[in-house]
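The structure under discussion appears below in the form of structure tokens.
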Amino acid sequence: MTQVPEDSEDPQHYILENQVPVICDDETTWRAFMNNGDNLLVANDPAGQFQVITVFLGFNFGTTEKPKFFQTTCLGADSEKNPHYSATWEKAILRHRCSIKCGEILTDFAAERAAGIDRAWEFIDCHVVPGEMQFILKSEVDALKAMPQDKKHWKRRGRMIIFCFDV
């Protein structure tokens, strides 16, 4: 077993060593690793009315230039069929934490809507950058409607609503 060189062809099997994907050339070792669910589960947490699960795949779902070894899925959400992938354990944990926040926001949003509070806005995309997750809305008007004032971990910048991890 060797650490994955950046310029190598993408081998078929990987295991984790100290949370780092490494090539596993031995089929028996790889199967034993994959058959132990504790080796595969990175995190599994409730997120409002949803469940967020992040797992190690045991193979590279991406390319050698942009590897995807970890998968994060928000169960019960419309995006369930479109999971997010990460190259490293650290990025997978960050994506997992962001997905929990998204699930909590969507749960709160549904409760507000059921209570007759209209905070309707159009979500375009989200980005994860060091220390924050950025939710991009269609317009600054939508962002203002979604979040009229900043809160402890939440800031509004133009048409973006920002969740700050380190506040």
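Ordered as shown in the structure tokens, chains take letters A, B, and onward, while each chain numbers its residues from 1 and ligands are numbered from 1 in the order shown.
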
Q.
Which of chain A end up as strand (DSSP E) when DSSP is run on this backbone - answer as JSON, numbers by chain?
A. {"A": [2, 3, 14, 15, 16, 17, 20, 21, 22, 23, 41, 42, 43, 44, 45, 46, 47, 50, 51, 52, 53, 54, 55, 56, 70, 71, 72, 73, 74, 75, 84, 85, 86, 123, 124, 125, 126, 127, 128, 129, 132, 133, 134, 135, 136, 137, 154, 155, 156, 157, 160, 161, 162, 163, 164]}

Q | Non-local contacts of segment 51-56 of chain A (9 Å; only C-alpha atoms; under 2 positions in same chain excluded) as an NGL selection string | A | :A and (15-16 or 21 or 39-49 or 58-59 or 69-77 or 89 or 92-93 or 95-97 or 99-100 or 103)

(Q) List as a PyMOL selection string the protein and nucleic acid residues near Ile124 of chain A, meaning an atom at most 9 Å away when only C-alpha atoms are counted, but skip any in the same chain fewer than 5 places from it. (A) chain A and resi 135-138

Hey, can you spit out that residue selection with all heavy atoms as a short mmCIF file (atom, residue, chain, number, x, y, z; two decimals), in the first residue's frame?
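Writing done, so here's out.cif:
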data_model
loop_
_atom_site.label_atom_id
_atom_site.label_comp_id
_atom_site.auth_asym_id
_atom_site.auth_seq_id
_atom_site.Cartn_x
_atom_site.Cartn_y
_atom_site.Cartn_z
N PHE A 135 -24.14 31.02 0.85
CA PHE A 135 -25.36 30.70 0.12
C PHE A 135 -25.64 31.86 -0.82
O PHE A 135 -25.84 32.99 -0.37
CB PHE A 135 -26.54 30.53 1.08
CG PHE A 135 -26.36 29.41 2.06
CD1 PHE A 135 -25.76 29.64 3.29
CD2 PHE A 135 -26.78 28.12 1.75
CE1 PHE A 135 -25.59 28.62 4.20
CE2 PHE A 135 -26.61 27.10 2.66
CZ PHE A 135 -26.01 27.34 3.89
N ILE A 136 -25.63 31.60 -2.13
CA ILE A 136 -25.85 32.65 -3.11
C ILE A 136 -27.32 32.64 -3.51
O ILE A 136 -27.85 31.62 -3.96
CB ILE A 136 -24.94 32.48 -4.34
CG1 ILE A 136 -23.48 32.65 -3.92
CG2 ILE A 136 -25.26 33.53 -5.40
CD1 ILE A 136 -22.69 31.43 -4.02
N LEU A 137 -27.97 33.78 -3.32
CA LEU A 137 -29.38 33.91 -3.66
C LEU A 137 -29.50 34.66 -4.97
O LEU A 137 -28.53 35.22 -5.48
CB LEU A 137 -30.13 34.63 -2.54
CG LEU A 137 -30.00 34.00 -1.16
CD1 LEU A 137 -30.86 34.74 -0.14
CD2 LEU A 137 -30.34 32.53 -1.17
N LYS A 138 -30.70 34.67 -5.54
CA LYS A 138 -30.91 35.28 -6.86
C LYS A 138 -30.58 36.76 -6.86
O LYS A 138 -30.03 37.29 -7.83
CB LYS A 138 -32.34 35.04 -7.32
CG LYS A 138 -32.62 35.56 -8.71
CD LYS A 138 -34.01 35.23 -9.16
CE LYS A 138 -34.23 35.73 -10.58
NZ LYS A 138 -35.57 35.40 -11.05
#

Residue neighbourhood Ile161 of chain A, 10 Å, only C-alpha atoms, exclusion window fewer than 6 positions, as a CSV table (one decimal) with N, CA and C atoms, in the first residue's frame:
chain,number,residue,atom,x,y,z
A,126,CYS,N,-24.2,27.3,-3.6
A,126,CYS,CA,-23.5,27.5,-2.3
A,126,CYS,C,-22.0,27.2,-2.6
A,133,MET,N,-19.5,29.2,4.9
A,133,MET,CA,-20.3,28.6,3.8
A,133,MET,C,-21.1,29.7,3.3
A,134,GLN,N,-21.1,29.9,1.9
A,134,GLN,CA,-21.8,31.0,1.3
A,134,GLN,C,-23.0,30.5,0.5
A,135,PHE,N,-24.1,31.0,0.9
A,135,PHE,CA,-25.4,30.7,0.1
A,135,PHE,C,-25.6,31.9,-0.8
A,136,ILE,N,-25.6,31.6,-2.1
A,136,ILE,CA,-25.8,32.6,-3.1
A,136,ILE,C,-27.3,32.6,-3.5
A,137,LEU,N,-28.0,33.8,-3.3
A,137,LEU,CA,-29.4,33.9,-3.7
A,137,LEU,C,-29.5,34.7,-5.0
A,140,GLU,N,-30.0,40.6,-4.2
A,140,GLU,CA,-29.8,41.2,-2.9
A,140,GLU,C,-31.1,41.4,-2.2
A,142,ASP,N,-33.6,39.3,-2.4
A,142,ASP,CA,-33.9,38.0,-1.8
A,142,ASP,C,-33.1,37.8,-0.5
A,143,ALA,N,-31.8,38.2,-0.5
A,143,ALA,CA,-31.0,38.0,0.6
A,143,ALA,C,-31.5,38.8,1.8
A,144,LEU,N,-31.9,40.1,1.5
A,144,LEU,CA,-32.4,40.9,2.6
A,144,LEU,C,-33.7,40.3,3.1
A,146,ALA,N,-34.5,37.1,3.1
A,146,ALA,CA,-34.2,35.9,3.9
A,146,ALA,C,-33.6,36.2,5.2
A,147,MET,N,-32.8,37.3,5.3
A,147,MET,CA,-32.1,37.6,6.5
A,147,MET,C,-32.0,39.1,6.7
A,150,ASP,N,-28.0,40.7,10.5
A,150,ASP,CA,-27.0,39.7,10.9
A,150,ASP,C,-27.3,39.1,12.2
A,154,TRP,N,-24.3,34.2,11.4
A,154,TRP,CA,-24.8,34.5,10.1
A,154,TRP,C,-24.6,36.0,9.7
A,155,LYS,N,-24.1,36.2,8.5
A,155,LYS,CA,-23.9,37.6,7.9
A,155,LYS,C,-24.5,37.6,6.5

Q | Per-residue DSSP, chain A, filtered to alpha helix (DSSP H), as a VMD selection string | A | chain A and resid 27 to 34 37 to 40 89 to 114 140 to 146

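Residue nearest Lys152 of chain A, chosen from A:Lys91, A:Glu27, A:Leu57, A:Cys164 and counting only C-alpha atoms: A:Cys164.
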
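Distances here use only C-alpha atoms; by that measure, the residue among A:Tyr14, A:Cys98, A:Pro67, A:Phe61 closest to Pro130 of chain A is A:Cys98.
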
Q.
Just checking: using only C-alpha atoms, which residue out of A:Asp38, A:Asp108, A:Asp78, A:Glu132 ends up closest to Ile162 of chain A?
A. A:Glu132

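Across the model, the gap from atom CA of Thr88 of chain A to atom CA of Thr64 of chain A is 13.0 Å.
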
Q: Choose the residue, out of A:Glu104, A:Arg156, A:Phe165, A:Glu112, that has the smallest atom-to-atom separation from Gly131 of chain A; count only C-alpha atoms.
A: A:Phe165

Q: Figure out the distance between atom CA of Cys102 of chain A and atom CA of Asn36 of chain A, please, to one decimal in Å.
A: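 Atom CA of Cys102 of chain A lies at a distance of 29.4 Å from atom CA of Asn36 of chain A.
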
(Q) For a test of reading the model, state the distance in Å between atom CA of Phe163 of chain A and atom CA of Gly116 of chain A, rounded to one decimal. (A)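 If I compute the distance from atom CA of Phe163 of chain A to atom CA of Gly116 of chain A, I get 25.0 Å.
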
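Distances from A:Cys24, A:Val141, A:Met34, A:Ala87 to Gln12 of chain A were compared using only C-alpha atoms, and the smallest one belongs to A:Cys24.
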